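*Asks:* As input, take structure_22.txt (compact mmCIF, C-alpha atoms):
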```txt
# COMPACT_ATOMS: atom_id res chain seq x y z
CA MET A 1 33.75 12.76 -14.20
CA ILE A 2 34.35 10.98 -17.48
CA GLY A 3 37.51 11.82 -19.38
CA PHE A 4 37.66 13.00 -22.97
CA SER A 5 37.42 9.69 -24.80
CA LEU A 6 35.22 7.80 -27.23
CA GLU A 7 32.82 7.27 -24.35
CA THR A 8 32.52 11.01 -23.68
CA VAL A 9 31.98 11.83 -27.32
CA LEU A 10 29.23 9.22 -27.69
CA TYR A 11 27.40 10.17 -24.50
CA VAL A 12 27.72 13.92 -25.03
CA GLY A 13 26.47 13.48 -28.60
CA ALA A 14 23.42 11.46 -27.60
CA ILE A 15 22.54 13.60 -24.59
CA GLY A 16 23.24 16.74 -26.61
CA LEU A 17 20.67 15.64 -29.19
CA VAL A 18 18.11 15.12 -26.42
CA ALA A 19 18.92 18.57 -25.00
CA ILE A 20 18.70 20.26 -28.41
CA GLY A 21 15.34 18.60 -28.98
CA ALA A 22 14.06 19.71 -25.57
CA VAL A 23 15.18 23.32 -26.13
CA GLY A 24 13.61 23.36 -29.57
CA LEU A 25 10.38 21.91 -28.23
CA VAL A 26 10.05 24.59 -25.56
CA MET A 27 11.51 27.65 -27.26
CA SER A 28 10.24 27.49 -30.83
CA ASN A 29 7.05 29.27 -31.76
CA HIS A 30 6.39 27.35 -34.96
CA LEU A 31 4.51 24.05 -34.81
CA PHE A 32 6.50 22.36 -37.57
CA ARG A 33 9.77 23.24 -35.84
CA MET A 34 8.37 21.60 -32.72
CA VAL A 35 7.81 18.38 -34.69
CA LEU A 36 11.39 18.57 -35.99
CA ALA A 37 12.67 19.12 -32.44
CA LEU A 38 10.73 16.04 -31.35
CA VAL A 39 12.44 14.04 -34.14
CA ILE A 40 15.88 15.22 -32.95
CA ALA A 41 15.12 14.35 -29.31
CA GLU A 42 13.90 10.93 -30.42
CA ALA A 43 17.15 10.30 -32.31
CA GLY A 44 19.08 11.17 -29.15
CA VAL A 45 17.01 8.79 -27.02
CA ASN A 46 17.49 5.99 -29.55
CA LEU A 47 21.26 6.58 -29.52
CA LEU A 48 21.28 6.44 -25.71
CA LEU A 49 19.39 3.13 -25.80
CA VAL A 50 21.80 1.60 -28.29
CA LEU A 51 24.72 2.86 -26.20
CA ALA A 52 23.24 1.05 -23.18
CA GLY A 53 23.87 -2.25 -24.95
CA PHE A 54 27.36 -1.38 -26.22
CA ARG A 55 30.21 -3.70 -25.37
CA GLY A 56 33.87 -3.19 -26.13
CA ASP A 57 35.22 -5.35 -28.99
CA ALA A 58 31.95 -7.21 -29.50
CA VAL A 59 30.20 -8.02 -32.80
CA ALA A 60 26.60 -7.62 -33.95
CA PRO A 61 24.30 -10.35 -32.56
CA ILE A 62 24.11 -12.37 -35.77
CA LEU A 63 25.43 -15.91 -35.85
CA THR A 64 27.60 -16.96 -38.76
CA GLY A 65 27.93 -20.57 -37.64
CA PRO A 66 26.17 -22.98 -35.31
CA GLU A 67 28.06 -21.55 -32.32
CA ALA A 68 28.80 -17.98 -31.35
CA SER A 69 32.38 -17.26 -32.49
CA ALA A 70 32.89 -13.94 -30.72
CA VAL A 71 31.48 -11.82 -27.93
CA MET A 72 28.19 -10.21 -28.98
CA VAL A 73 26.49 -6.99 -27.96
CA ASP A 74 23.22 -7.01 -26.04
CA PRO A 75 20.40 -7.67 -28.56
CA VAL A 76 17.53 -6.36 -26.39
CA PRO A 77 18.20 -2.58 -26.74
CA GLN A 78 18.64 -3.03 -30.48
CA VAL A 79 15.20 -4.61 -30.73
CA LEU A 80 13.68 -1.78 -28.68
CA VAL A 81 15.28 0.88 -30.90
CA LEU A 82 14.32 -0.97 -34.08
CA THR A 83 10.63 -0.80 -33.23
CA ALA A 84 10.91 2.70 -31.71
CA ILE A 85 12.17 4.10 -35.01
CA VAL A 86 9.21 2.76 -36.97
CA ILE A 87 6.73 3.85 -34.29
CA GLY A 88 8.40 7.28 -34.36
CA VAL A 89 7.78 7.57 -38.09
CA GLY A 90 4.10 6.76 -37.55
CA VAL A 91 3.78 9.35 -34.80
CA GLN A 92 5.53 12.00 -36.94
CA ALA A 93 3.17 11.28 -39.82
CA LEU A 94 0.21 11.75 -37.47
CA ALA A 95 1.68 15.03 -36.21
CA VAL A 96 2.19 16.31 -39.76
CA GLY A 97 -1.38 15.30 -40.61
CA VAL A 98 -2.72 17.32 -37.68
CA LEU A 99 -0.52 20.27 -38.74
CA LEU A 100 -1.98 20.11 -42.25
CA ARG A 101 -5.48 20.39 -40.78
CA VAL A 102 -4.43 23.28 -38.54
CA TYR A 103 -2.90 25.12 -41.50
CA ARG A 104 -6.03 24.62 -43.57
CA ALA A 105 -8.25 25.88 -40.76
CA TYR A 106 -6.22 28.90 -39.59
CA GLY A 107 -3.69 29.63 -42.35
CA THR A 108 -0.71 29.78 -40.00
CA LEU A 109 1.46 27.50 -37.88
CA ASP A 110 2.80 30.24 -35.60
CA VAL A 111 1.73 29.45 -32.05
CA ARG A 112 1.09 33.06 -30.95
CA GLU A 113 -0.88 33.86 -34.11
CA LEU A 114 -2.81 30.60 -33.75
CA ARG A 115 -3.78 31.37 -30.16
CA LEU A 116 -5.12 34.77 -31.21
CA ARG A 117 -7.12 33.38 -34.13
CA MET A 118 -8.49 30.47 -32.10
CA GLU A 119 -9.64 32.82 -29.34
CA LEU A 120 -11.44 34.97 -31.90
CA ASP A 121 -12.96 31.83 -33.42
CA ILE A 122 -14.18 30.54 -30.06
CA ALA A 123 -15.62 33.95 -29.11
CA GLU A 124 -17.40 34.19 -32.46
CA SER A 125 -18.98 30.74 -32.27
CA ALA A 126 -20.00 31.33 -28.65
CA GLY A 127 -21.48 34.72 -29.58
CA ILE A 128 -19.48 36.69 -27.00
CA GLU A 129 -17.07 39.56 -27.18
CA PRO A 130 -13.50 38.56 -28.07
CA PRO A 131 -11.33 38.67 -24.97
CA GLY A 132 -8.80 41.43 -24.60
CA SER A 133 -5.15 40.56 -25.05
CA GLN A 134 -1.76 42.20 -24.85
CA HIS A 135 -1.75 42.73 -28.60
CA ALA A 136 -5.23 44.28 -28.78
CA PRO A 137 -6.23 45.56 -25.34
CA ALA A 138 -9.90 46.08 -24.73
CA GLY A 139 -11.29 49.58 -24.30
CA GLU A 140 -9.62 52.90 -24.98
CA ARG A 141 -5.91 53.33 -25.40
CA PRO A 142 -4.39 54.77 -22.22
CA LEU A 143 -3.08 58.30 -22.60
CA PRO A 144 0.69 58.54 -23.06
CA PRO A 145 2.59 59.80 -20.05
CA ALA A 146 3.20 63.51 -20.15
CA GLY A 147 6.48 64.54 -21.71
CA ALA A 148 7.15 61.22 -23.51
CA PRO A 149 8.37 61.48 -27.12
CA ALA A 150 5.69 60.63 -29.68
CA GLU A 151 7.79 58.00 -31.53
CA GLU A 152 8.11 55.77 -28.48
CA VAL A 153 4.39 55.68 -27.90
CA LYS A 154 3.69 54.62 -31.46
CA SER A 155 6.06 51.63 -31.49
CA MET B 1 12.15 34.78 -18.84
CA ARG B 2 10.53 31.75 -20.42
CA ASN B 3 13.63 31.14 -22.55
CA LEU B 4 15.88 31.40 -19.52
CA ALA B 5 13.75 28.93 -17.57
CA SER B 6 13.71 26.42 -20.43
CA LEU B 7 17.47 26.74 -20.92
CA LEU B 8 17.99 26.10 -17.20
CA PHE B 9 15.66 23.09 -17.37
CA THR B 10 17.50 21.64 -20.36
CA ALA B 11 20.91 22.22 -18.80
CA GLY B 12 19.71 20.40 -15.68
CA LEU B 13 18.31 17.53 -17.74
CA ALA B 14 21.55 17.15 -19.70
CA PHE B 15 23.59 17.33 -16.49
CA LEU B 16 21.49 14.62 -14.83
CA LEU B 17 21.74 12.33 -17.85
CA LEU B 18 25.50 12.91 -18.08
CA VAL B 19 25.99 12.11 -14.40
CA ILE B 20 24.01 8.88 -14.80
CA ALA B 21 26.03 8.03 -17.92
CA SER B 22 29.31 8.70 -16.14
CA GLN B 23 28.36 6.26 -13.36
CA LEU B 24 27.87 3.42 -15.85
CA ASP B 25 30.65 1.01 -16.70
CA PHE B 26 31.02 1.90 -20.38
CA GLY B 27 31.43 -0.99 -22.81
CA ASN B 28 30.64 -3.54 -20.14
CA PRO B 29 26.87 -3.43 -19.53
CA PRO B 30 25.21 -5.70 -16.99
CA MET B 31 23.29 -7.86 -19.48
CA ARG B 32 21.52 -10.57 -17.53
CA VAL B 33 18.64 -10.94 -20.00
CA GLY B 34 20.97 -10.35 -22.93
CA GLU B 35 23.41 -13.08 -21.87
CA ALA B 36 20.59 -15.57 -21.34
CA ILE B 37 19.11 -14.79 -24.74
CA LEU B 38 22.49 -14.95 -26.50
CA SER B 39 23.25 -18.36 -25.00
CA GLU B 40 19.80 -19.92 -25.45
CA ALA B 41 18.34 -18.34 -28.59
CA PRO B 42 20.37 -20.34 -31.16
CA ALA B 43 19.12 -23.67 -29.79
CA GLU B 44 15.63 -22.47 -28.82
CA VAL B 45 14.56 -20.42 -31.85
CA GLY B 46 17.11 -21.37 -34.50
CA ALA B 47 17.37 -17.93 -36.14
CA ALA B 48 20.84 -16.73 -37.10
CA ASN B 49 19.81 -13.12 -36.47
CA ILE B 50 19.28 -12.96 -32.72
CA VAL B 51 17.66 -9.54 -32.95
CA THR B 52 14.86 -11.08 -35.02
CA ALA B 53 14.67 -14.01 -32.61
CA VAL B 54 14.02 -11.51 -29.78
CA LEU B 55 11.66 -9.38 -31.87
CA LEU B 56 9.40 -12.18 -33.10
CA GLY B 57 10.17 -14.98 -30.66
CA TYR B 58 10.71 -13.69 -27.14
CA ARG B 59 8.95 -10.34 -27.55
CA GLY B 60 6.37 -11.33 -30.16
CA PHE B 61 3.49 -10.05 -28.07
CA ASP B 62 5.19 -6.63 -27.72
CA THR B 63 5.66 -6.56 -31.49
CA LEU B 64 1.92 -7.11 -31.87
CA GLY B 65 1.37 -4.12 -29.58
CA GLU B 66 3.74 -1.99 -31.64
CA LEU B 67 1.93 -2.99 -34.82
CA SER B 68 -1.32 -1.88 -33.23
CA ILE B 69 0.23 1.50 -32.33
CA LEU B 70 1.20 1.91 -35.98
CA PHE B 71 -2.30 0.88 -37.03
CA ALA B 72 -3.80 3.46 -34.65
CA ALA B 73 -1.53 6.18 -36.09
CA ALA B 74 -2.48 5.31 -39.67
CA THR B 75 -6.19 5.23 -38.80
CA ALA B 76 -5.94 8.56 -37.00
CA VAL B 77 -4.21 10.18 -40.00
CA GLY B 78 -7.00 8.91 -42.25
CA MET B 79 -9.58 10.29 -39.83
CA VAL B 80 -7.89 13.69 -39.38
CA LEU B 81 -7.21 14.32 -43.06
CA GLY B 82 -10.47 12.97 -44.41
CA ARG B 83 -11.40 12.10 -47.97
CA ARG B 84 -10.45 14.33 -50.88
CA ARG B 85 -13.08 15.70 -53.22
CA ALA B 86 -13.15 14.23 -56.71
CA ASP B 87 -12.62 17.60 -58.43
CA ALA B 88 -9.85 18.85 -56.15
CA PRO B 89 -6.68 19.96 -58.03
CA HIS B 90 -3.59 17.76 -57.84
CA ASP B 91 -0.03 18.85 -57.14
CA PRO B 92 1.95 19.40 -60.36
CA PRO B 93 3.84 16.32 -61.64
CA GLY B 94 7.50 15.98 -60.73
CA GLY B 95 8.95 16.39 -64.20
CA PHE B 96 10.86 14.03 -66.53
CA ILE B 97 13.99 13.41 -64.42
CA LEU B 98 12.06 12.62 -61.26
CA SER B 99 9.55 10.32 -62.95
CA ALA B 100 12.22 8.46 -64.95
CA GLY B 101 14.24 8.02 -61.75
CA ALA B 102 11.14 6.81 -59.94
CA ASP B 103 10.46 4.24 -62.67
CA LEU B 104 14.03 2.95 -62.30
CA LEU B 105 13.95 2.93 -58.49
CA PHE B 106 10.53 1.33 -58.00
CA PRO B 107 11.39 -2.29 -58.99
CA LEU B 108 14.80 -2.07 -57.29
CA LEU B 109 13.27 -0.90 -54.02
CA LEU B 110 10.59 -3.60 -54.22
CA VAL B 111 13.21 -6.34 -54.71
CA VAL B 112 15.48 -5.03 -51.95
CA GLY B 113 12.53 -4.64 -49.57
CA LEU B 114 11.25 -8.16 -50.22
CA TYR B 115 14.79 -9.55 -49.84
CA VAL B 116 15.24 -7.81 -46.48
CA VAL B 117 11.83 -9.03 -45.28
CA VAL B 118 12.35 -12.64 -46.35
CA HIS B 119 15.91 -12.89 -44.99
CA GLY B 120 15.02 -11.26 -41.70
CA HIS B 121 15.97 -14.32 -39.65
CA LEU B 122 19.37 -14.75 -41.36
CA THR B 123 20.86 -11.33 -42.11
CA PRO B 124 20.52 -7.83 -40.66
CA GLY B 125 16.98 -6.76 -41.44
CA GLY B 126 13.53 -8.12 -40.90
CA GLY B 127 9.91 -7.15 -41.16
CA PHE B 128 10.19 -3.59 -39.87
CA GLN B 129 13.21 -2.55 -41.95
CA GLY B 130 12.06 -4.33 -45.11
CA GLY B 131 8.56 -2.93 -44.70
CA VAL B 132 9.93 0.60 -44.61
CA ILE B 133 11.92 -0.05 -47.81
CA LEU B 134 8.77 -1.44 -49.48
CA ALA B 135 6.87 1.67 -48.42
CA ALA B 136 9.69 3.87 -49.78
CA ALA B 137 9.13 2.32 -53.24
CA PHE B 138 5.57 3.63 -53.16
CA PHE B 139 6.66 7.00 -51.67
CA VAL B 140 8.92 7.57 -54.69
CA ALA B 141 6.14 6.68 -57.12
CA VAL B 142 3.62 8.97 -55.40
CA LEU B 143 6.06 11.90 -55.15
CA ALA B 144 6.98 11.67 -58.84
CA ARG B 145 3.38 11.39 -60.10
CA PRO B 146 0.96 13.00 -57.65
CA GLU B 147 -1.97 12.64 -60.08
CA ARG B 148 -1.85 8.82 -59.95
CA SER B 149 -2.87 8.17 -56.36
CA LEU B 150 -2.54 4.80 -54.67
CA ASN B 151 -5.54 2.51 -54.29
CA HIS B 152 -6.70 2.99 -50.72
CA MET B 153 -8.88 -0.13 -50.80
CA ALA B 154 -5.99 -2.40 -51.85
CA ILE B 155 -3.70 -0.88 -49.22
CA SER B 156 -6.16 -1.41 -46.38
CA LEU B 157 -6.89 -4.93 -47.64
CA ILE B 158 -3.18 -5.91 -47.54
CA GLU B 159 -2.82 -4.20 -44.17
CA GLY B 160 -5.79 -6.02 -42.64
CA LEU B 161 -4.87 -9.41 -44.10
CA SER B 162 -1.25 -9.25 -42.91
CA GLY B 163 -2.26 -8.08 -39.45
CA ALA B 164 -4.86 -10.84 -39.21
CA SER B 165 -2.36 -13.47 -40.36
CA PHE B 166 0.11 -12.37 -37.65
CA ILE B 167 -2.59 -12.90 -35.01
CA LEU B 168 -3.75 -16.16 -36.63
CA ILE B 169 -0.21 -17.58 -36.54
CA GLY B 170 -0.06 -16.61 -32.88
CA LEU B 171 -3.41 -18.29 -32.16
CA TRP B 172 -2.33 -21.39 -34.10
CA ALA B 173 0.71 -21.62 -31.80
CA LEU B 174 -1.60 -21.13 -28.80
CA VAL B 175 -3.72 -24.14 -29.87
CA GLU B 176 -0.74 -26.27 -30.89
CA ASP B 177 1.79 -25.53 -28.21
CA GLY B 178 -0.05 -23.71 -25.44
CA ALA B 179 1.73 -20.34 -25.79
CA PHE B 180 0.76 -17.34 -27.93
CA LEU B 181 3.24 -16.74 -30.80
CA GLN B 182 5.41 -19.70 -29.80
CA PRO B 183 7.64 -20.61 -32.78
CA LEU B 184 6.33 -23.75 -34.48
CA LEU B 185 7.31 -26.03 -37.37
CA GLY B 186 10.70 -27.07 -36.00
CA ARG B 187 13.93 -25.12 -36.15
CA GLY B 188 15.43 -26.46 -39.37
CA THR B 189 19.08 -25.94 -40.24
CA MET B 190 20.40 -22.60 -39.12
CA GLY B 191 21.39 -20.35 -42.01
CA GLU B 192 18.92 -21.77 -44.52
CA LEU B 193 16.04 -19.74 -45.89
CA LEU B 194 13.41 -22.17 -44.58
CA SER B 195 14.51 -22.37 -40.97
CA ALA B 196 13.54 -20.97 -37.57
CA GLY B 197 9.96 -22.28 -37.77
CA THR B 198 7.23 -19.66 -38.11
CA LEU B 199 9.62 -16.71 -37.79
CA PRO B 200 9.88 -16.07 -41.58
CA LEU B 201 6.08 -16.13 -41.83
CA LEU B 202 5.73 -13.67 -38.96
CA SER B 203 8.47 -11.52 -40.48
CA ALA B 204 6.65 -11.45 -43.83
CA ALA B 205 3.39 -10.49 -42.10
CA VAL B 206 5.13 -7.66 -40.19
CA GLY B 207 6.86 -6.48 -43.37
CA LEU B 208 3.66 -6.33 -45.41
CA LYS B 209 1.80 -4.65 -42.56
CA VAL B 210 4.45 -1.97 -41.95
CA GLY B 211 4.90 -1.39 -45.69
CA SER B 212 1.20 -1.00 -46.43
CA GLU B 213 0.66 1.09 -43.28
CA LEU B 214 3.37 3.62 -44.19
CA ALA B 215 2.35 3.64 -47.87
CA GLY B 216 -1.21 4.37 -46.73
CA LEU B 217 0.03 7.21 -44.51
CA MET B 218 1.90 8.70 -47.47
CA ALA B 219 -1.11 8.26 -49.75
CA HIS B 220 -3.31 10.11 -47.27
CA LEU B 221 -0.79 12.94 -46.81
CA SER B 222 -0.26 13.39 -50.56
CA ASP B 223 -4.00 13.17 -51.28
CA THR B 224 -4.71 16.04 -48.91
CA GLU B 225 -5.91 19.15 -50.64
CA ALA B 226 -3.30 21.84 -50.13
CA SER B 227 -5.91 24.50 -49.42
CA ASP B 228 -9.64 24.77 -49.12
CA GLY B 229 -9.78 27.21 -52.06
```
Could you spell out this file's structure in structure tokens?
*Replies:*
Amino acid sequence: MIGFSLETVLYVGAIGLVAIGAVGLVMSNHLFRMVLALVIAEAGVNLLLVLAGFRGDAVAPILTGPEASAVMVDPVPQVLVLTAIVIGVGVQALAVGVLLRVYRAYGTLDVRELRLRMELDIAESAGIEPPGSQHAPAGERPLPPAGAPAEEVKS
Amino acid sequence: MRNLASLLFTAGLAFLLLVIASQLDFGNPPMRVGEAILSEAPAEVGAANIVTAVLLGYRGFDTLGELSILFAAATAVGMVLGRRRADAPHDPPGGFILSAGADLLFPLLLVVGLYVVVHGHLTPGGGFQGGVILAAAFFVAVLARPERSLNHMAISLIEGLSGASFILIGLWALVEDGAFLQPLLGRGTMGELLSAGTLPLLSAAVGLKVGSELAGLMAHLSDTEASDG
């Protein structure tokens, strides 16, 4: 395994950003936080790409004279990242635009709340009964088990 | 349960990436394409900034694809958010400090953005970076004074013209030299402003397109009515 060096710090940082973004994407319940998690994961991927072209004691690929005076880093990953950043901004703007519409339509960005309200909306426009859910079960409330304290049943 | 599963998934993903990273020879990448480009680009394209030479010379067609992705995103935002009503209320203005700062920043950002776009083939920078700085000038203006919205017609006109000129330069090269987006007009002396053939023209087209695209995105987002009320 890699030792604790500059290399480790750079790789752990980049991969850590990807991991944080993935966790945030899966575990958050708020749509805007998901967009932010996507931004973080994207930063990590861009860092990984730039790291792929890193070379020890090399300079940026810009010529200062007619001939290359020093060893240069790989220019191809830099070009990829350069465009990926701008494309990322465009995609984030589109995501925020969609979120604005969602907020105007349903008044919330919480995923669980949204699912509930969308189900009600769909049932209403289809003219059917709203489906039962864990939060509002259909039919009568089941009787509490005998002997259970009243406070527990209420909560 | 779901949280545990996602944590396990992420730990596995990070472990896999780390193992791959640890197998690589750090600081000594196998750059076959990179070496070839570094040795041939100065004579072939004549741009001092090799990143720009790759972006607009060797991968010009990919850049066109990326511009079209950006165009699709901007169009989709316009479609999703729709047009605002004429009588819809605006956000409150940003106050004296913000608007005075915006007035100061606007010309500076324009100059810096144009400089970065025009010198894309000589110094770090180019169409994409300069275009974002140009768009930032308009972001600041819109954020400070929400009641003075940008002219959507002018923005889409600049956007369409710059995109069309990028394709036209490419087609011109196709007629002249037999390859789409082949650099034309000779290489010139490296390090001068008018060198590297059509690269500065392409860079300016990309800069204007990215700048107007992002400014249009911001204009759409800020023009959106906060609520339906």
*Asks:* Would you compute the distance between CA of Ile37 in chain B and CA of Ala53 in chain B? Give it in Å to one decimal.
*Replies:*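 Those two atoms sit 9.1 Å apart.
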*Asks:* So that I can see what lies close to Gly95 in chain B, please list as a PyMOL selection string the residues with an atom at most 12 Å from it, counting all atoms listed in the file and leaving out residues fewer than 5 positions away in the same chain.
*Replies:* chain B and resi 100-102+143-146
*Asks:* Counting only C-alpha atoms, which residues come within 8 Å of (-3.5, 10.0, -56.6), with the point read in the file's coordinates, and could you list them as a ChimeraX atom specification?
*Replies:* /B:90,142,145-150,219,222-223
*Asks:* What is the CA of Gln182 in chain B-CA of Val54 in chain B distance in Å, reported with one decimal?
*Replies:* 11.9 Å
*Asks:* Here is a test: counting only C-alpha atoms, which residue of A:Glu42, A:Asp74, A:Glu124, A:Glu119 is nearest to chain B?
*Replies:*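 Closest to chain B of all the choices is A:Asp74.
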*Asks:* So which residues are close to (-3.0, 6.8, -48.8), meaning at most 10 Å away in the file's coordinates with all atoms listed in the file counted, and can you show them as a list of chain:residue names?
*Replies:*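 Residues lying no farther than 10 Å from the given point: B:Ala74, B:Val77, B:Gly78, B:Arg83, B:Val142, B:Ser149, B:Leu150, B:Asn151, B:His152, B:Met153, B:Ile155, B:Ser156, B:Ser212, B:Glu213, B:Leu214, B:Ala215, B:Gly216, B:Leu217, B:Met218, B:Ala219, B:His220, B:Leu221, B:Ser222, B:Asp223, B:Thr224.
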*Asks:* Taking all atoms listed in the file into account, report as a ChimeraX atom specification which residues of chain A lie within 7 Å of chain B.
*Replies:* /A:1-2,7,15,19,22-23,26-27,52-56,61-64,66,74-76,79,87,90-91,93-94,97-98,101,104
*Asks:* Can you write out the residues you just picked, keeping C-alpha atoms, as a CSV table (one decimal), keeping the file's coordinate frame?
*Replies:*
```csv
chain,number,residue,atom,x,y,z
A,1,MET,CA,33.8,12.8,-14.2
A,2,ILE,CA,34.4,11.0,-17.5
A,7,GLU,CA,32.8,7.3,-24.4
A,15,ILE,CA,22.5,13.6,-24.6
A,19,ALA,CA,18.9,18.6,-25.0
A,22,ALA,CA,14.1,19.7,-25.6
A,23,VAL,CA,15.2,23.3,-26.1
A,26,VAL,CA,10.0,24.6,-25.6
A,27,MET,CA,11.5,27.6,-27.3
A,52,ALA,CA,23.2,1.0,-23.2
A,53,GLY,CA,23.9,-2.2,-25.0
A,54,PHE,CA,27.4,-1.4,-26.2
A,55,ARG,CA,30.2,-3.7,-25.4
A,56,GLY,CA,33.9,-3.2,-26.1
A,61,PRO,CA,24.3,-10.4,-32.6
A,62,ILE,CA,24.1,-12.4,-35.8
A,63,LEU,CA,25.4,-15.9,-35.8
A,64,THR,CA,27.6,-17.0,-38.8
A,66,PRO,CA,26.2,-23.0,-35.3
A,74,ASP,CA,23.2,-7.0,-26.0
A,75,PRO,CA,20.4,-7.7,-28.6
A,76,VAL,CA,17.5,-6.4,-26.4
A,79,VAL,CA,15.2,-4.6,-30.7
A,87,ILE,CA,6.7,3.8,-34.3
A,90,GLY,CA,4.1,6.8,-37.6
A,91,VAL,CA,3.8,9.4,-34.8
A,93,ALA,CA,3.2,11.3,-39.8
A,94,LEU,CA,0.2,11.8,-37.5
A,97,GLY,CA,-1.4,15.3,-40.6
A,98,VAL,CA,-2.7,17.3,-37.7
A,101,ARG,CA,-5.5,20.4,-40.8
A,104,ARG,CA,-6.0,24.6,-43.6
```
*Asks:* So how many Å separate CA of Phe106 in chain B and CA of Ala137 in chain B, to one decimal?
*Replies:*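 One can read the CA of Phe106 in chain B to CA of Ala137 in chain B distance as 5.1 Å.
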*Asks:* Using the file's own x, y and z axes, so that the box edges lie along x, y and z, what centre and edge lengths in Å (one decimal) does a box around every listed atom of range 133-147 of chain B get when 8 Å is added on each side? Give it as AutoDock Vina command-line options.
*Replies:*
```
--center_x 5.0 --center_y 5.8 --center_z -54.0 --size_x 29.9 --size_y 30.4 --size_z 28.3
```
*Asks:* Could you pull the residues within 10 Å of Ala41 in chain A, counting all atoms listed in the file, minus those fewer than 5 positions along the same chain, as a PyMOL selection string?
*Replies:* chain A and resi 14-25+35-36+46-47
*Asks:* Save range 103-118 of chain B from what I just supplied, as a PDB file, in the first residue's frame, atoms limited to N, CA and C atoms.
*Replies:*
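Written output follows (out_17.pdb):
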```
ATOM      1  N   ASP B 103     -20.735  48.350  -9.867  1.00  0.00           N
ATOM      2  CA  ASP B 103     -20.340  49.316 -10.887  1.00  0.00           C
ATOM      3  C   ASP B 103     -18.831  49.328 -11.068  1.00  0.00           C
ATOM      4  N   LEU B 104     -18.095  49.218  -9.936  1.00  0.00           N
ATOM      5  CA  LEU B 104     -16.633  49.206 -10.029  1.00  0.00           C
ATOM      6  C   LEU B 104     -16.132  47.929 -10.700  1.00  0.00           C
ATOM      7  N   LEU B 105     -16.749  46.788 -10.327  1.00  0.00           N
ATOM      8  CA  LEU B 105     -16.243  45.490 -10.789  1.00  0.00           C
ATOM      9  C   LEU B 105     -16.565  45.249 -12.256  1.00  0.00           C
ATOM     10  N   PHE B 106     -17.707  45.755 -12.732  1.00  0.00           N
ATOM     11  CA  PHE B 106     -18.182  45.388 -14.067  1.00  0.00           C
ATOM     12  C   PHE B 106     -17.155  45.654 -15.168  1.00  0.00           C
ATOM     13  N   PRO B 107     -16.610  46.914 -15.285  1.00  0.00           N
ATOM     14  CA  PRO B 107     -15.614  47.133 -16.352  1.00  0.00           C
ATOM     15  C   PRO B 107     -14.336  46.323 -16.147  1.00  0.00           C
ATOM     16  N   LEU B 108     -13.916  46.174 -14.864  1.00  0.00           N
ATOM     17  CA  LEU B 108     -12.696  45.400 -14.599  1.00  0.00           C
ATOM     18  C   LEU B 108     -12.854  43.962 -15.070  1.00  0.00           C
ATOM     19  N   LEU B 109     -14.001  43.358 -14.723  1.00  0.00           N
ATOM     20  CA  LEU B 109     -14.229  41.963 -15.101  1.00  0.00           C
ATOM     21  C   LEU B 109     -14.314  41.830 -16.618  1.00  0.00           C
ATOM     22  N   LEU B 110     -14.932  42.816 -17.275  1.00  0.00           N
ATOM     23  CA  LEU B 110     -15.018  42.760 -18.738  1.00  0.00           C
ATOM     24  C   LEU B 110     -13.625  42.776 -19.351  1.00  0.00           C
ATOM     25  N   VAL B 111     -12.764  43.689 -18.849  1.00  0.00           N
ATOM     26  CA  VAL B 111     -11.413  43.816 -19.417  1.00  0.00           C
ATOM     27  C   VAL B 111     -10.617  42.541 -19.172  1.00  0.00           C
ATOM     28  N   VAL B 112     -10.674  42.038 -17.926  1.00  0.00           N
ATOM     29  CA  VAL B 112      -9.916  40.822 -17.607  1.00  0.00           C
ATOM     30  C   VAL B 112     -10.417  39.659 -18.458  1.00  0.00           C
ATOM     31  N   GLY B 113     -11.751  39.537 -18.583  1.00  0.00           N
ATOM     32  CA  GLY B 113     -12.311  38.438 -19.366  1.00  0.00           C
ATOM     33  C   GLY B 113     -11.881  38.507 -20.820  1.00  0.00           C
ATOM     34  N   LEU B 114     -11.950  39.714 -21.406  1.00  0.00           N
ATOM     35  CA  LEU B 114     -11.545  39.845 -22.810  1.00  0.00           C
ATOM     36  C   LEU B 114     -10.052  39.557 -22.969  1.00  0.00           C
ATOM     37  N   TYR B 115      -9.240  40.009 -21.987  1.00  0.00           N
ATOM     38  CA  TYR B 115      -7.802  39.746 -22.048  1.00  0.00           C
ATOM     39  C   TYR B 115      -7.539  38.237 -22.044  1.00  0.00           C
ATOM     40  N   VAL B 116      -8.221  37.535 -21.124  1.00  0.00           N
ATOM     41  CA  VAL B 116      -7.987  36.085 -21.010  1.00  0.00           C
ATOM     42  C   VAL B 116      -8.430  35.377 -22.290  1.00  0.00           C
ATOM     43  N   VAL B 117      -9.553  35.831 -22.875  1.00  0.00           N
ATOM     44  CA  VAL B 117     -10.032  35.197 -24.107  1.00  0.00           C
ATOM     45  C   VAL B 117      -9.038  35.427 -25.243  1.00  0.00           C
ATOM     46  N   VAL B 118      -8.588  36.681 -25.399  1.00  0.00           N
ATOM     47  CA  VAL B 118      -7.762  37.025 -26.560  1.00  0.00           C
ATOM     48  C   VAL B 118      -6.366  36.410 -26.450  1.00  0.00           C
TER      49      VAL B 118
END
```
